[in-house]
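Participant: Mind having a look at this structure? Questions to follow.
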Amino acid sequence: MLKLFKKTKDKIPKSEIITEPKEPKTPPVSKCGKPLQLDNSRWERRLHKELMSLIKEPPPGVTVDTESVQQNLSEWKLNIKGFEGTLYEGEDFQLLFKFNNKYPFDSPEVTFIGNNIPVHPHVYSNGHICLSILTEDWSPALSVQSVCLSIASMLSSCREKKRPPDNALYVKTCNKNPKKTKWWYHDDSV
Amino acid sequence: MSDYFEELGHTPTGPEGANDYERHHRRLQVLAIMNGIDIEIQVPEASKRAIAALSVHTVLESELGGDLECAVCKEPAQLGDVYKILPCKHEFHEECVLLWLKKANSCPLCRYELETDDAVYEELRHYKQDEPNRRDRHDHLMNSMFG
């Protein structure tokens, strides 16, 4: 098991390099996180607003890694705690949100990162999450906050810690971007 | 064979004729979903007609300071903002909602589906919107027999 975690840990920088070419598409100015004068300023503003409200009034158990956000507004690292009274009590997880320049019309790319990936029937060991609002059921009225709440409730309602049945195959064959996966949402109870 | 279909008032296939495989594929997807199989289907954009039919609401001074907020850009209403009202009564900035309706056909808040130009998908949409009536009809039938 330990080996497996190490493996995923090593993989993370690599995946970041591979997804890097997406970055230049977003205007370089956005990297410093200042309001833009471009016509997508409205969407930058929304992202800023969400960040501010997340820092000021975070949903229970969620904290923002402000250092990561200062470097790059389009990639946020959030820490999420396992709630008391659930199977994940006392555990800490890290979520990575990646926004492209079409946010909020495109859903953010959300994965678990770090060396503690929750063992859950909808979370693959490479951090990918099978959650319908992250792909086909996304709506621009949703926000980082509502995604966090969904993930927290997904973890809290879990009754048995286990990986998805197709974990081994999926992790070997999937695309780096979980949004490229054609998910089958079979089980709504967890 | 084609006479037979004409007699019955059916167009057997799409405009491309029998070789329009994409249409057949999509139609199979629609039929699968209508039969309770949970698969993903690509949702077409809202039709131009449906978008043109949306009513407009220009924000007046008396409406400021309320809780009117565009759920897409999360900005509170400002004087002179132009909002579009969807048939489900949810309203958003014109610019915001039109950008979304180029990608999808549903209300960002309640997922009410607008009309599309895709004849195959329309069948599924009508089927979904008929859901409550269908349940009523079913209950009615059951009650008339066993009630």
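Quick note on naming: the chains in the structure tokens go A, B, ... in the order shown, residues restart at 1 in each chain, and ligands are numbered from 1 in order of appearance.
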Where does chain A meet chain B within 6 Å, residue by residue, with the nearest atom pair and distance in Å to one decimal for each, counting only C-alpha atoms, listed by chain and rising number, as CSV?

Facilitator:
residue,atom,partner,partner_atom,distance
A:Arg46,CA,B:Cys73,CA,5.8
A:Ser139,CA,B:Pro108,CA,5.1
A:Pro140,CA,B:Val72,CA,5.3
A:Ala141,CA,B:Val72,CA,5.1

Participant: Env of Val56 in chain B: 12 Å cut, atoms = only C-alpha atoms, seq-sep filter 3 positions within chain, self excluded. Answer as a ChimeraX atom specification.

Facilitator: /B:51-53,59,80-87,89-95,97

Participant: Residues of chain B classed as strand (DSSP E or B) by DSSP on the backbone are to be reported as a PyMOL selection string.

Facilitator: chain B and resi 46+55-58+69+76+82-85+91-93+106+113+116

Participant: As an MDAnalysis selection string, please: the residues near Phe97 in chain A (cut-off 8 Å, only C-alpha atoms, same-chain neighbours under 2 positions excluded).

Facilitator: chainID A and resid 74:78 95 99 108:111

Participant: Using N, CA and C atoms, can you export the residues from the last selection as a compact mmCIF listing (two decimals), in the first residue's frame?

Facilitator:
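Dumped to part21.txt:
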# COMPACT_ATOMS: atom_id res chain seq x y z
N SER A 74 -5.49 30.24 -11.17
CA SER A 74 -6.27 29.20 -11.84
C SER A 74 -6.03 27.81 -11.24
N GLU A 75 -5.23 27.73 -10.21
CA GLU A 75 -5.06 26.45 -9.52
C GLU A 75 -5.12 26.66 -8.02
N TRP A 76 -6.11 26.06 -7.41
CA TRP A 76 -6.27 26.23 -5.96
C TRP A 76 -6.05 24.90 -5.28
N LYS A 77 -5.37 24.98 -4.13
CA LYS A 77 -5.27 23.79 -3.29
C LYS A 77 -6.13 24.02 -2.05
N LEU A 78 -7.01 23.10 -1.77
CA LEU A 78 -7.86 23.21 -0.59
C LEU A 78 -7.61 22.02 0.32
N LEU A 95 -7.38 18.81 -1.89
CA LEU A 95 -8.05 18.84 -3.19
C LEU A 95 -7.36 19.86 -4.08
N PHE A 99 -8.94 25.66 -12.87
CA PHE A 99 -9.95 26.38 -13.64
C PHE A 99 -9.37 26.72 -14.99
N PRO A 108 -14.73 23.08 -13.16
CA PRO A 108 -13.32 22.99 -12.75
C PRO A 108 -12.89 21.53 -12.76
N GLU A 109 -11.58 21.34 -12.90
CA GLU A 109 -11.03 19.98 -12.85
C GLU A 109 -10.64 19.73 -11.39
N VAL A 110 -11.29 18.79 -10.75
CA VAL A 110 -11.08 18.59 -9.32
C VAL A 110 -10.53 17.19 -9.05
N THR A 111 -9.40 17.13 -8.35
CA THR A 111 -8.82 15.83 -7.98
C THR A 111 -8.30 15.90 -6.55
